[in-house]
Every structure is written in structure tokens, then in C-alpha cells.
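**Q** Once you've had a glance at the structure underneath, I'll fire off some questions.
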Amino acid sequence: MIAGPTPQDAAQTLRDLFQRALACVTSGVVSLQAVPPETDLVVSLSVAAPRGRHSLNLRHRYLLVHEPAGRRAERWRLQTTSYMYKLDDREGREILAYHWHPDGLSHERRPHLHVGVGMGALRPEWQKAHLRTGPVSPSALLVLLIDQLGVSPRRSAWFDDFARLDRALDLS
Amino acid sequence: MATNPEPVDERFDGVRVIEQTPDEAWADFDADVRRRLGISADQFARRFDAGQYPDPDADPDVSWLAFAYLGLRRNHAAR
């Protein structure tokens, strides 16, 4: 759980964890966009891999919830409300995307995975398939950059940084 | 693009966070829409609001942009 005595503290904890995890695979800028009452944490970066550059796109939407009856240190709790984590190849074709958008237009409101044509030959009927997952943290995608695409980790503690983000977001 | 990135923090190996104004966020969204669909963000917004993208799952780019737009339009509508 991510929480703090003030909304700023709780948000700063997420920022720090996110920055550390992202720094394991790339450098660049994370944008915070207010989408009241929520906030989007947005990443759109190019990542160099042995087989070419890939486009990493993350949009993590969260809400800061006031818990007046809670301990002072946990009076503000950060709640993930939706996300899209997406990896494109260098031509901009989607390889895969983790989605959770309970309020979107799609009929599928549960967390799911899309496999795109960037993955390779794909039977057309599978391009729109919602492959159900549990809720995932951005590290689900970040770890694939290292494990599957051969991106060299920029931080030796990358596994710990990913695990720390997973635990804090506690999306299970 | 935002104008005030926070100072570089060595703990994060070059990853910085910027807090964007609604206009800056919309400008980034506009650039993303132009790159993916070749139209402006305003055009996308009009088409989306008119129901011209009834099945966002049919196109990964529309799906990505629709998710962003559903958040950003809360600010954009107030402009």
C-alpha cells in the first residue's frame, strides 16, 4: 500500500518508486497530468534494445483517498484506478499491452492483455482478444524489456526495484 | 512540453518527473494523436465524442488515445 500523512507524501512515494523502476531500463521524463479527481503518470519513451528501438508507453491513473480515521502516517492512500502499459516496435506497431480500464468504452472492464501485430504473425481474430490477467504493475512490462528484448539493466538492483514497486502498488 | 522539470536526482539515474499544466498535457496528447492517426487532438476529440470510434479495441492506437482522452477531456472541456 502507498500511503502518507498528506496527499503530497503519498504521491511522492509513487513517483520515487516509479522513477527507480523506470531508471532500470531507460532515462527520460515522466509526466504527471491532472485528470481530476485523478492523476495520470505518463511515460512515452524510446528504449534501445539489441534488435532495435522500442516504444515504451505507460499511463497509470491513480486517486488519492483520504482516510480520516486511519493512522496519521496513512491518512492519505494512493489507489490505482486504471492503467495502460503498452510496448510498440520501432514502426509503431503494438507488440503487447496490459489494460485495465473499468470505465472505458470497451466491454471488457477487467484487467487484460492484448497481443498486437508487432509480436509477429497474428491470426486476425486474435488481435482484439482480451487475454484476462490479474491487475499488474508497470514492472510487468519493464521486466520484459530485460528478459525478452535483451535491454541491459541500468541498475544492478533492478529486480528489487521492480519488486518494491509491485509490493507498494499491491494490485493483487 | 512542460517547462519546469524537477532537478536531476542522482537516485533515479536520469529519470525526471514533470508536472504538466492542462495545456501542456493537451499539447503532448495532440502530438501523440498526430503521430499515431495523422489528425489533431481536437479532430480526434470531435470524432470520439460523436461516437465515430465505437469499438476502441479495433485499433490499438485508438484504444491508447481514447484512454488518455477520457481523462484529459475533464480538463479540456473546462477550457
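To be explicit about the labels: the chains of the C-alpha cells are called A, B, and onward in the order shown, and within each one the residues are counted from 1, while ligands get numbers from 1 in the order they are shown.
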Produce a table with one row for each residue of chain B that has an atom at most 6 Å from any atom of chain A, each row naming the nearest atom pair and its distance in Å at one decimal; use only C-alpha atoms; arrange rows by chain and rising residue number; format as a tab-separated table.

**A**
```
residue	atom	partner	partner_atom	distance
B:Phe12	CA	A:Arg20	CA	5.3
B:Asp13	CA	A:Ala23	CA	5.7
B:Gly14	CA	A:Ser27	CA	5.0
B:Val15	CA	A:Ser27	CA	4.8
B:Arg16	CA	A:Val29	CA	4.8
B:Val17	CA	A:Val30	CA	4.6
B:Ile18	CA	A:Ser31	CA	5.0
B:Glu19	CA	A:Leu32	CA	4.7
B:Gln20	CA	A:Gln33	CA	5.6
B:Asp57	CA	A:Lys128	CA	5.8
B:Gly71	CA	A:Val35	CA	5.1
B:Leu72	CA	A:Val35	CA	5.6
```

**Q** Could you save the residues just selected, with N, CA and C atoms, as a PDB file, in the first residue's frame?

**A**
```pdb
ATOM      1  N   PHE B  12      17.807   8.486  -9.284  1.00  0.00           N
ATOM      2  CA  PHE B  12      16.932   7.964 -10.333  1.00  0.00           C
ATOM      3  C   PHE B  12      17.600   7.890 -11.705  1.00  0.00           C
ATOM      4  N   ASP B  13      18.907   7.997 -11.756  1.00  0.00           N
ATOM      5  CA  ASP B  13      19.660   7.744 -12.985  1.00  0.00           C
ATOM      6  C   ASP B  13      19.059   8.420 -14.212  1.00  0.00           C
ATOM      7  N   GLY B  14      18.757   9.670 -14.092  1.00  0.00           N
ATOM      8  CA  GLY B  14      18.332  10.431 -15.264  1.00  0.00           C
ATOM      9  C   GLY B  14      16.849  10.390 -15.560  1.00  0.00           C
ATOM     10  N   VAL B  15      16.065   9.746 -14.723  1.00  0.00           N
ATOM     11  CA  VAL B  15      14.605   9.777 -14.904  1.00  0.00           C
ATOM     12  C   VAL B  15      14.054  10.937 -14.076  1.00  0.00           C
ATOM     13  N   ARG B  16      13.426  11.872 -14.745  1.00  0.00           N
ATOM     14  CA  ARG B  16      12.880  13.054 -14.071  1.00  0.00           C
ATOM     15  C   ARG B  16      11.359  13.061 -14.173  1.00  0.00           C
ATOM     16  N   VAL B  17      10.746  13.789 -13.281  1.00  0.00           N
ATOM     17  CA  VAL B  17       9.288  13.931 -13.292  1.00  0.00           C
ATOM     18  C   VAL B  17       8.943  15.388 -13.528  1.00  0.00           C
ATOM     19  N   ILE B  18       7.986  15.624 -14.390  1.00  0.00           N
ATOM     20  CA  ILE B  18       7.490  16.988 -14.577  1.00  0.00           C
ATOM     21  C   ILE B  18       5.987  16.995 -14.326  1.00  0.00           C
ATOM     22  N   GLU B  19       5.522  18.048 -13.729  1.00  0.00           N
ATOM     23  CA  GLU B  19       4.082  18.224 -13.529  1.00  0.00           C
ATOM     24  C   GLU B  19       3.586  19.146 -14.630  1.00  0.00           C
ATOM     25  N   GLN B  20       2.737  18.627 -15.482  1.00  0.00           N
ATOM     26  CA  GLN B  20       2.287  19.398 -16.635  1.00  0.00           C
ATOM     27  C   GLN B  20       1.021  20.191 -16.314  1.00  0.00           C
ATOM     28  N   ASP B  57     -11.290  -1.199 -29.208  1.00  0.00           N
ATOM     29  CA  ASP B  57     -10.434  -2.380 -29.262  1.00  0.00           C
ATOM     30  C   ASP B  57     -10.046  -2.758 -30.691  1.00  0.00           C
ATOM     31  N   GLY B  71      -9.502  10.837 -19.729  1.00  0.00           N
ATOM     32  CA  GLY B  71      -9.016  11.598 -18.584  1.00  0.00           C
ATOM     33  C   GLY B  71      -8.824  13.064 -18.921  1.00  0.00           C
ATOM     34  N   LEU B  72      -8.124  13.316 -20.017  1.00  0.00           N
ATOM     35  CA  LEU B  72      -7.753  14.697 -20.337  1.00  0.00           C
ATOM     36  C   LEU B  72      -8.955  15.579 -20.664  1.00  0.00           C
TER      37      LEU B  72
END
```

**Q** If we count only C-alpha atoms and set the cut-off at 8 Å, which residues sit around region 28-43 of chain B, ignoring sequence neighbours fewer than 2 positions away in its own chain? Please answer as a VMD selection string.

**A** (chain A and resid 92) or (chain B and resid 1 24 to 26 45 to 47 61 65 68)

**Q** Keeping only N, CA, C and O atoms, write those residues as a CSV table (one decimal), in the first residue's frame.

**A**
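After the write, selection_1.csv holds the following:
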```
chain,number,residue,atom,x,y,z
A,92,GLY,N,6.0,1.4,-34.7
A,92,GLY,CA,4.8,1.9,-34.0
A,92,GLY,C,3.7,0.8,-33.9
A,92,GLY,O,2.6,1.1,-33.5
B,1,MET,N,5.3,20.8,-24.3
B,1,MET,CA,6.2,20.3,-23.3
B,1,MET,C,6.3,21.1,-22.1
B,1,MET,O,6.2,22.4,-22.1
B,24,GLU,N,-0.2,21.9,-21.4
B,24,GLU,CA,1.0,21.1,-21.7
B,24,GLU,C,0.6,19.7,-22.0
B,24,GLU,O,1.1,19.0,-22.9
B,25,ALA,N,-0.3,19.1,-21.1
B,25,ALA,CA,-0.7,17.8,-21.3
B,25,ALA,C,-1.5,17.6,-22.6
B,25,ALA,O,-1.3,16.6,-23.3
B,26,TRP,N,-2.3,18.6,-22.9
B,26,TRP,CA,-3.1,18.5,-24.2
B,26,TRP,C,-2.1,18.6,-25.4
B,26,TRP,O,-2.3,17.9,-26.4
B,45,ALA,N,-11.0,14.4,-30.7
B,45,ALA,CA,-12.0,14.6,-29.7
B,45,ALA,C,-13.4,14.7,-30.3
B,45,ALA,O,-14.3,14.1,-29.8
B,46,ARG,N,-13.4,15.4,-31.4
B,46,ARG,CA,-14.8,15.6,-32.0
B,46,ARG,C,-15.3,14.3,-32.5
B,46,ARG,O,-16.5,13.9,-32.3
B,47,ARG,N,-14.4,13.5,-33.2
B,47,ARG,CA,-14.8,12.2,-33.7
B,47,ARG,C,-15.2,11.2,-32.6
B,47,ARG,O,-16.2,10.5,-32.6
B,61,ASP,N,-4.0,1.9,-31.4
B,61,ASP,CA,-3.7,3.3,-31.3
B,61,ASP,C,-5.0,4.1,-30.8
B,61,ASP,O,-4.8,4.9,-29.9
B,65,LEU,N,-5.2,6.1,-27.2
B,65,LEU,CA,-5.6,7.5,-27.2
B,65,LEU,C,-6.9,7.8,-26.5
B,65,LEU,O,-7.1,8.8,-25.8
B,68,ALA,N,-6.4,7.9,-22.8
B,68,ALA,CA,-5.8,9.2,-22.4
B,68,ALA,C,-6.9,10.3,-22.5
B,68,ALA,O,-7.1,11.1,-21.6
```

**Q** Could you work out how far CA of Ala27 (chain B) lies from CA of Arg90 (chain A), giving the answer in Å with one decimal?

**A**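 Separating CA of Arg90 (chain A) from CA of Ala27 (chain B) is a distance of 22.6 Å.
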
**Q** What residues in chain B get the DSSP label strand (DSSP E)? Please answer as a PyMOL selection string.

**A** chain B and resi 15-20

**Q** Could those residues be written to a file, using C-alpha atoms, as a PDB file, in the first residue's frame?

**A**
```
ATOM      1  CA  VAL B  15      14.605   9.777 -14.904  1.00  0.00           C
ATOM      2  CA  ARG B  16      12.880  13.054 -14.071  1.00  0.00           C
ATOM      3  CA  VAL B  17       9.288  13.931 -13.292  1.00  0.00           C
ATOM      4  CA  ILE B  18       7.490  16.988 -14.577  1.00  0.00           C
ATOM      5  CA  GLU B  19       4.082  18.224 -13.529  1.00  0.00           C
ATOM      6  CA  GLN B  20       2.287  19.398 -16.635  1.00  0.00           C
TER       7      GLN B  20
END
```

**Q** Report the distance between CA of Leu78 (chain A) and CA of Leu63 (chain A) in Å, rounded to one decimal place.

**A**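 Here the two named atoms are 5.8 Å from each other.
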
**Q** Go ahead and compute the interatomic distance for CA of Ser156 (chain A) and CA of Pro135 (chain A), in Å to one decimal.

**A**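 Atom-to-atom, CA of Ser156 (chain A) and CA of Pro135 (chain A) are spaced 26.3 Å apart.
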
**Q** Please extract the residues of chain B with a backbone DSSP assignment of helix (DSSP H, G or I) and present them as a VMD selection string.

**A** chain B and resid 10 to 12 22 to 37 41 to 49 56 to 58 60 to 76
